[in-house]
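Pasting upload-v4.cif here (mmCIF, C-alpha atoms and all ligand atoms):
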```cif
data_query
loop_
_atom_site.label_atom_id
_atom_site.label_comp_id
_atom_site.auth_asym_id
_atom_site.auth_seq_id
_atom_site.Cartn_x
_atom_site.Cartn_y
_atom_site.Cartn_z
CA MET A 1065 33.64 111.51 77.43
CA HIS A 1066 36.16 108.86 78.18
CA PHE A 1067 38.08 109.49 74.91
CA VAL A 1068 38.31 113.28 75.59
CA ASN A 1069 39.57 112.64 79.15
CA ILE A 1070 42.34 110.45 77.83
CA ALA A 1071 43.24 113.08 75.22
CA VAL A 1072 43.35 115.83 77.90
CA GLU A 1073 45.39 113.58 80.19
CA ASN A 1074 47.85 112.84 77.40
CA SER A 1075 48.25 116.48 76.45
CA THR A 1076 48.87 117.40 80.13
CA ARG A 1077 51.52 114.67 80.33
CA LEU A 1078 53.07 115.99 77.12
CA THR A 1079 53.21 119.54 78.55
CA ILE A 1080 54.88 118.28 81.75
CA TYR A 1081 57.33 116.19 79.72
CA LEU A 1082 58.22 119.18 77.48
CA SER A 1083 58.77 121.49 80.46
CA GLN A 1084 61.03 118.82 82.07
CA LEU A 1085 62.94 118.59 78.80
CA ASN A 1086 63.35 122.39 78.74
CA LEU A 1087 64.68 122.36 82.31
CA PHE A 1088 67.10 119.58 81.32
CA PHE A 1089 68.52 121.61 78.41
CA PHE A 1090 68.58 124.80 80.49
CA PHE A 1091 70.64 123.19 83.29
CA SER A 1092 72.90 121.43 80.77
CA PHE A 1093 73.60 124.81 79.19
CA VAL A 1094 74.26 126.54 82.55
CA LEU A 1095 76.59 123.77 83.74
CA ASN A 1096 78.55 123.69 80.52
CA PHE A 1097 78.74 127.48 80.41
CA LYS A 1098 80.00 127.69 84.00
CA ASN A 1099 82.50 124.88 83.59
CA PRO A 1100 83.80 124.49 80.05
CA LYS A 1101 85.94 121.53 81.20
CA ILE A 1102 82.75 119.39 81.38
CA VAL A 1103 82.73 117.58 78.07
CA SER A 1104 79.38 118.16 76.39
CA HIS A 1105 78.47 114.50 75.82
CA PHE A 1106 78.23 113.86 79.57
CA ASN A 1107 74.59 114.50 80.49
CA VAL A 1108 73.32 116.64 83.31
CA PHE A 1109 72.74 113.68 85.67
CA GLU A 1110 76.31 112.41 85.30
CA SER A 1111 77.74 115.90 85.80
CA LYS A 1112 76.42 115.82 89.39
CA LEU A 1113 79.17 113.29 90.13
CA THR A 1114 82.63 114.45 91.14
CA THR A 1115 86.02 112.79 91.05
CA ASN A 1116 87.74 111.80 94.29
CA ILE A 1117 91.44 111.21 94.65
CA ILE A 1118 92.30 109.00 97.63
CA LEU A 1119 95.92 108.50 98.61
CA LEU A 1120 96.01 104.88 99.77
CA GLY A 1121 99.76 104.83 100.35
CA THR A 1122 102.34 107.61 100.25
CA GLY A 1123 105.43 105.66 101.33
CA THR A 1124 108.70 104.64 99.70
CA PRO A 1125 110.97 101.60 100.22
CA ILE A 1126 112.07 103.29 103.49
CA ILE A 1127 109.91 101.58 106.12
CA ASP A 1128 107.55 104.03 107.80
CA PRO A 1129 104.70 102.47 109.80
CA ASP A 1130 102.46 105.49 109.09
CA ARG A 1131 102.85 105.30 105.32
CA MET A 1132 101.90 102.27 103.25
CA GLY A 1133 103.56 101.62 99.89
CA PRO A 1134 102.66 103.89 96.96
CA SER A 1135 99.07 103.53 95.78
CA LEU A 1136 96.21 105.85 94.90
CA SER A 1137 92.59 105.59 93.90
CA ILE A 1138 90.75 107.74 91.38
CA GLN A 1139 87.01 107.41 91.89
CA TYR A 1140 84.21 108.76 89.71
CA GLY A 1141 80.82 107.63 90.98
CA ARG A 1142 81.09 103.86 91.39
CA GLU A 1143 84.02 103.63 88.99
CA ILE A 1144 87.44 103.15 90.57
CA VAL A 1145 90.85 102.97 88.95
CA LEU A 1146 93.85 102.26 91.18
CA PHE A 1147 97.42 103.30 90.47
CA ASP A 1148 100.34 101.29 91.88
CA ALA A 1149 100.18 98.40 94.30
CA GLY A 1150 102.34 99.31 97.27
CA PRO A 1151 102.06 96.97 100.27
CA GLY A 1152 99.01 97.69 102.42
CA LEU A 1153 96.75 99.04 99.66
CA ILE A 1154 93.78 96.71 100.24
CA ARG A 1155 93.49 97.44 103.94
CA ARG A 1156 93.88 101.15 103.26
CA ALA A 1157 91.14 100.86 100.58
CA LYS A 1158 88.85 99.23 103.16
CA LYS A 1159 89.62 102.05 105.61
CA ALA A 1160 88.71 104.53 102.84
CA ASN A 1161 85.31 102.76 102.53
CA LEU A 1162 86.04 101.45 99.04
CA ASN A 1163 84.07 98.27 98.42
CA PRO A 1164 86.64 95.49 97.68
CA GLU A 1165 84.34 94.18 94.93
CA THR A 1166 84.80 97.43 93.00
CA LEU A 1167 88.63 97.23 92.94
CA LYS A 1168 88.91 95.68 89.50
CA VAL A 1169 91.30 97.91 87.56
CA ILE A 1170 94.88 98.84 88.40
CA PHE A 1171 97.66 100.62 86.49
CA LEU A 1172 101.28 100.04 87.51
CA SER A 1173 103.69 102.92 86.89
CA HIS A 1174 106.69 100.55 86.98
CA LEU A 1175 107.71 97.26 88.50
CA HIS A 1176 109.94 98.32 91.42
CA SER A 1177 109.04 96.30 94.52
CA ASP A 1178 107.75 99.29 96.54
CA HIS A 1179 105.08 99.78 93.81
CA THR A 1180 104.24 96.09 93.30
CA ALA A 1181 104.75 94.27 96.62
CA GLY A 1182 100.98 94.68 97.21
CA LEU A 1183 100.06 92.93 93.95
CA PRO A 1184 99.29 89.48 95.43
CA ASP A 1185 97.14 91.28 98.03
CA PHE A 1186 95.31 93.20 95.28
CA MET A 1187 94.85 90.01 93.25
CA TYR A 1188 93.75 87.56 95.92
CA THR A 1189 92.31 89.30 99.02
CA PRO A 1190 89.21 90.83 97.35
CA SER A 1191 88.78 87.62 95.29
CA VAL A 1192 88.42 85.59 98.48
CA GLU A 1193 85.80 88.12 99.64
CA GLY A 1194 83.80 87.48 96.47
CA ARG A 1195 84.99 90.08 93.94
CA PRO A 1196 83.98 88.76 90.52
CA GLY A 1197 86.59 88.62 87.75
CA PRO A 1198 87.98 89.49 85.37
CA VAL A 1199 90.36 91.90 87.10
CA LYS A 1200 92.45 94.11 84.82
CA ILE A 1201 96.12 94.78 85.51
CA TYR A 1202 97.75 97.37 83.26
CA GLY A 1203 101.50 97.88 83.44
CA PRO A 1204 104.78 98.26 81.56
CA SER A 1205 106.40 95.43 79.63
CA GLY A 1206 107.34 92.72 82.11
CA THR A 1207 103.97 92.94 83.90
CA GLN A 1208 102.68 89.77 82.20
CA GLU A 1209 105.73 87.82 83.38
CA MET A 1210 105.39 89.16 86.93
CA ILE A 1211 101.68 88.23 87.08
CA ASN A 1212 102.41 84.76 85.65
CA ASN A 1213 104.94 84.23 88.44
CA ILE A 1214 102.54 85.45 91.14
CA LYS A 1215 99.81 83.17 89.74
CA LYS A 1216 102.27 80.27 89.85
CA ALA A 1217 103.14 81.04 93.48
CA TYR A 1218 99.44 81.02 94.48
CA SER A 1219 98.17 78.27 92.15
CA GLN A 1220 97.78 75.75 94.97
CA ASP A 1221 96.00 78.28 97.15
CA VAL A 1222 93.49 79.05 94.36
CA GLN A 1223 93.02 75.34 93.66
CA ILE A 1224 92.21 74.65 97.34
CA ARG A 1225 89.91 77.67 97.63
CA VAL A 1226 87.95 76.67 94.52
CA ASN A 1227 87.82 72.89 94.98
CA GLY A 1228 87.94 72.64 98.79
CA TYR A 1229 85.39 73.39 101.54
CA GLU A 1230 85.46 77.09 100.63
CA GLN A 1231 83.88 76.40 97.22
CA GLY A 1232 85.19 79.70 95.85
CA LYS A 1233 84.27 80.73 92.33
CA LYS A 1234 86.91 80.01 89.69
CA GLU A 1235 86.02 83.22 87.81
CA ASN A 1236 86.99 85.32 90.86
CA TYR A 1237 90.60 84.39 90.04
CA ASP A 1238 90.51 85.58 86.44
CA PHE A 1239 93.22 88.21 85.76
CA GLU A 1240 93.69 90.06 82.49
CA VAL A 1241 97.05 91.74 81.86
CA ILE A 1242 97.45 94.64 79.43
CA GLU A 1243 100.98 95.90 78.79
CA ILE A 1244 100.69 99.65 78.21
CA GLU A 1245 102.18 101.81 75.48
CA ASP A 1246 103.55 105.33 75.72
CA GLY A 1247 101.03 107.93 74.50
CA LYS A 1248 98.11 105.53 73.98
CA THR A 1249 94.81 106.31 75.74
CA TYR A 1250 93.05 103.55 77.70
CA VAL A 1251 89.39 104.03 78.58
CA GLU A 1252 87.68 102.58 81.66
CA ASN A 1253 84.09 103.87 81.39
CA HIS A 1254 84.27 107.59 82.29
CA ILE A 1255 87.97 107.53 83.25
CA GLN A 1256 90.56 107.97 80.51
CA ILE A 1257 94.15 107.04 81.27
CA LEU A 1258 97.06 108.23 79.14
CA PRO A 1259 100.43 106.70 80.15
CA PHE A 1260 103.59 108.56 79.21
CA LEU A 1261 107.21 107.51 79.64
CA VAL A 1262 109.17 109.17 82.43
CA GLU A 1263 112.85 108.84 83.37
CA HIS A 1264 113.48 106.49 86.28
CA GLY A 1265 116.58 104.45 85.59
CA GLU A 1266 116.88 101.25 83.62
CA TRP A 1267 113.28 99.98 83.65
CA PRO A 1268 110.46 101.54 81.60
CA SER A 1269 108.45 103.76 83.94
CA PHE A 1270 105.24 105.65 83.30
CA GLY A 1271 103.45 108.72 84.55
CA PHE A 1272 99.70 109.02 83.89
CA ARG A 1273 97.41 111.79 82.67
CA ILE A 1274 93.98 110.85 83.97
CA THR A 1275 90.91 112.58 82.57
CA THR A 1276 87.46 112.28 84.14
CA PRO A 1277 84.34 114.31 83.25
CA ASP A 1278 85.26 116.98 85.82
CA ARG A 1279 89.02 116.77 86.42
CA ILE A 1280 92.42 116.32 84.82
CA ILE A 1281 94.88 114.65 87.18
CA VAL A 1282 98.52 113.85 86.52
CA TYR A 1283 100.38 111.25 88.57
CA SER A 1284 104.15 111.29 88.11
CA GLY A 1285 104.94 107.75 89.28
CA ASP A 1286 108.68 107.69 90.09
CA THR A 1287 110.78 109.97 87.93
CA LYS A 1288 113.59 112.46 87.76
CA PRO A 1289 112.66 115.78 86.10
CA CYS A 1290 111.83 115.08 82.45
CA LYS A 1291 110.24 116.75 79.43
CA ASN A 1292 107.21 114.43 79.38
CA ILE A 1293 106.03 115.54 82.82
CA ILE A 1294 105.79 119.11 81.54
CA LYS A 1295 104.28 118.04 78.21
CA TYR A 1296 101.55 115.80 79.64
CA SER A 1297 100.70 117.99 82.65
CA ARG A 1298 99.51 120.91 80.53
CA GLU A 1299 96.35 122.50 82.00
CA CYS A 1300 95.93 119.80 84.63
CA ASP A 1301 93.87 120.50 87.74
CA VAL A 1302 95.91 118.32 90.08
CA LEU A 1303 99.54 117.22 89.89
CA ILE A 1304 100.46 114.34 92.22
CA HIS A 1305 104.25 114.18 92.23
CA GLU A 1306 107.02 112.28 94.00
CA VAL A 1307 109.70 114.28 95.81
CA TYR A 1308 112.81 114.08 98.01
CA SER A 1309 114.25 116.65 100.37
CA SER A 1310 116.89 118.85 98.67
CA SER A 1311 118.70 119.56 101.96
CA GLY A 1312 118.48 115.91 103.06
CA LEU A 1313 120.29 114.74 99.93
CA ARG A 1314 123.39 116.80 100.74
CA GLU A 1315 123.98 114.62 103.81
CA LYS A 1316 123.85 111.34 101.88
CA SER A 1317 126.87 109.43 100.55
CA ILE A 1318 128.10 110.12 97.00
CA LYS A 1319 126.60 106.79 95.85
CA TRP A 1320 123.11 107.73 97.10
CA GLN A 1321 123.40 111.31 95.85
CA ASN A 1322 124.19 109.88 92.42
CA TYR A 1323 121.29 107.42 92.66
CA HIS A 1324 118.66 109.97 93.66
CA THR A 1325 119.67 112.67 91.18
CA HIS A 1326 119.35 110.08 88.38
CA MET A 1327 116.11 108.48 89.62
CA HIS A 1328 113.97 110.98 91.53
CA THR A 1329 112.94 114.66 91.81
CA SER A 1330 114.17 117.04 94.49
CA ALA A 1331 111.95 119.62 96.19
CA ILE A 1332 113.77 122.45 94.40
CA GLU A 1333 113.37 120.71 91.03
CA LEU A 1334 109.67 120.08 91.75
CA ALA A 1335 109.14 123.77 92.51
CA GLN A 1336 110.65 124.60 89.10
CA ILE A 1337 108.40 122.00 87.42
CA ALA A 1338 105.30 123.33 89.23
CA ASN A 1339 106.15 126.87 88.11
CA LYS A 1340 106.01 125.70 84.51
CA ILE A 1341 102.81 123.64 84.91
CA GLN A 1342 100.89 125.86 87.39
CA PRO A 1343 98.38 123.18 88.51
CA ASP A 1344 95.43 124.23 90.70
CA LEU A 1345 96.79 121.84 93.32
CA LEU A 1346 100.16 120.13 93.80
CA ILE A 1347 100.08 117.03 96.01
CA LEU A 1348 103.37 115.62 97.28
CA THR A 1349 103.58 111.85 97.56
CA HIS A 1350 106.37 109.24 97.83
CA GLN A 1351 108.14 111.85 99.96
CA ILE A 1352 111.70 110.99 100.98
CA PHE A 1353 112.26 113.15 104.05
CA TRP A 1354 115.48 111.69 105.51
CA ASN A 1355 116.04 113.95 108.53
CA THR A 1356 114.01 116.84 107.11
CA SER A 1357 110.68 117.69 108.78
CA GLU A 1358 107.52 117.80 106.68
CA LYS A 1359 107.31 121.56 107.28
CA GLU A 1360 110.86 122.04 105.98
CA LEU A 1361 110.17 119.89 102.91
CA LEU A 1362 107.11 122.00 102.12
CA TYR A 1363 109.13 125.18 102.63
CA GLN A 1364 111.75 124.01 100.11
CA ILE A 1365 108.93 124.12 97.55
CA THR A 1366 106.83 127.07 98.70
CA ASN A 1367 109.98 129.20 98.92
CA LEU A 1368 110.18 128.97 95.11
CA TYR A 1369 106.58 128.22 94.09
CA GLU A 1370 103.52 130.27 95.05
CA GLY A 1371 100.75 127.84 94.06
CA ARG A 1372 98.72 125.56 96.35
CA VAL A 1373 100.82 122.65 97.70
CA VAL A 1374 99.82 119.85 100.07
CA SER A 1375 102.11 117.19 101.53
CA GLY A 1376 100.01 114.04 101.17
CA HIS A 1377 99.31 111.44 103.86
CA ASP A 1378 97.70 108.01 103.60
CA LEU A 1379 93.90 108.27 103.31
CA ASP A 1380 93.87 111.97 102.36
CA VAL A 1381 91.00 112.69 99.98
CA PHE A 1382 91.10 115.47 97.40
ZN ZN B 1 109.11 104.15 94.39
ZN ZN B 2 110.86 103.23 91.51
#
```

Show how you would write the structure in this file as structure tokens.
Amino acid sequence: MHFVNIAVENSTRLTIYLSQLNLFFFFSFVLNFKNPKIVSHFNVFESKLTTNIILLGTGTPIIDPDRMGPSLSIQYGREIVLFDAGPGLIRRAKKANLNPETLKVIFLSHLHSDHTAGLPDFMYTPSVEGRPGPVKIYGPSGTQEMINNIKKAYSQDVQIRVNGYEQGKKENYDFEVIEIEDGKTYVENHIQILPFLVEHGEWPSFGFRITTPDRIIVYSGDTKPCKNIIKYSRECDVLIHEVYSSSGLREKSIKWQNYHTHMHTSAIELAQIANKIQPDLLILTHQIFWNTSEKELLYQITNLYEGRVVSGHDLDVF
């Protein structure tokens, strides 16, 4: 009978559905058991995704044509959060196959020009290509004023692009600024960002503890050795840290020696920090080599620290 057939069909569907549900719970259990770092509320489908770190720029104010200004991308699925806006970041992002329309969130560690000279590029280049707003710019106090000034500098350009032949969309030029606080967590979908104060001279400067469903990443920003780096790097998987050559510093003038020891972290100091933190991977960025080779810089660290260390280059993916 027709009614019986439907009943049989429905019960078969129910059996299939229940066995799929069992498989779902079984795999959820296995994944969580194997990797306790996966937070239980992320379901089994999301846990297939992994986090990518892309170094977009590893340079410093010292001009090196092979290294753009400091910038990095943390990507989880289609979600992307950028850190720092060194010059060249948008073209590097394109080279890394990041869709310009997805570059909508950036955190600034501090406002030094090497970390912010790419801001107008970040704000306007993808907008011209059609990235819809609003675009979020997180940064220390003073960020709002800097963005207001950049907007003022480009106000005529935006006006012509929107009202002229180009007929650009006004909402593509919508920027939201959030001035960050020490120790407060900011959430961008599956990526949690915890800024913490570091010690980098007169201006407020932040490092970031970034938590995704499968990784804990700490980015130092610019800093001399400080307690917060140790405190906020606890049990991290990856530590991305700035560094200068210990031997190179000895050949600098007293003024520059004084500057660097008060503003940045030497290779020997970084080895001591890494020994306390013991990350699965230490990535060097913002390397100041002076006349030291990359091999020598790495040796200054590996001589004192046995963990895994990589000297980062633009477009490296981890
Ligand atoms: Zn810097
Ligand atoms: Zn700086």

Which of A:Ala1149, A:Leu1113, A:Ile1201, A:Ile1365 sits closest to ligand ZN 1 (chain B) [using all atoms listed in the file]: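 Using all atoms listed in the file, the shortest distance to ligand ZN 1 (chain B) belongs to A:Ala1149.
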
Please, which residues have at least one atom within 9 Å of an atom of ligand ZN 2 (chain B), using all atoms listed in the file, listed as a PyMOL selection string? chain A and resi 1124-1125+1173-1179+1264-1265+1267+1269+1285-1287+1327-1328

In Å to one decimal, how far is atom CA of A:Ser1330 from atom CA of A:Leu1153? 25.6 Å

Can you work out the spacing between atom CA of A:Ile1211 and atom CA of A:Pro1184 in Å, to one decimal? 8.8 Å

Kindly extract all protein, DNA and RNA residues lying within 6 Å of the coordinates (118.0, 112.0, 95.9) given in the file, considering all atoms listed in the file, and supply them as a list in words. Tyr1308, Leu1313, Gln1321, His1324 and Thr1325 of chain A

Looking at A:Leu1172, A:Leu1146, A:Ile1274, A:Ala1157, which one is nearest to ligand ZN 1 (chain B), with distances taken over all atoms listed in the file?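 With all atoms listed in the file as the atom set, the closest residue is A:Leu1172.
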
Select, from A:Thr1275, A:Thr1180, A:Asn1236, A:Ser1219, the residue with the minimum atom-to-atom distance to A:Asn1253, counting only C-alpha atoms. A:Thr1275

Need the shell around stretch 1118-1123 of chain A: protein/DNA/RNA residues with any atom at most 10 Å away, counting only C-alpha atoms. Skip same-chain ones fewer than 2 positions apart. Format as an MDAnalysis selection string? chainID A and resid 1115:1116 1125:1139 1146:1160 1162 1178:1179 1304 1306 1347:1352 1375:1382

In terms of the shortest atom-to-atom distance over all atoms listed in the file, which of A:Ser1297, A:Ser1284, A:Asn1292, A:Thr1356 is closest to ligand ZN 1 (chain B)?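 Looking only at the distances to ligand ZN 1 (chain B), the closest residue turns out to be A:Ser1284.
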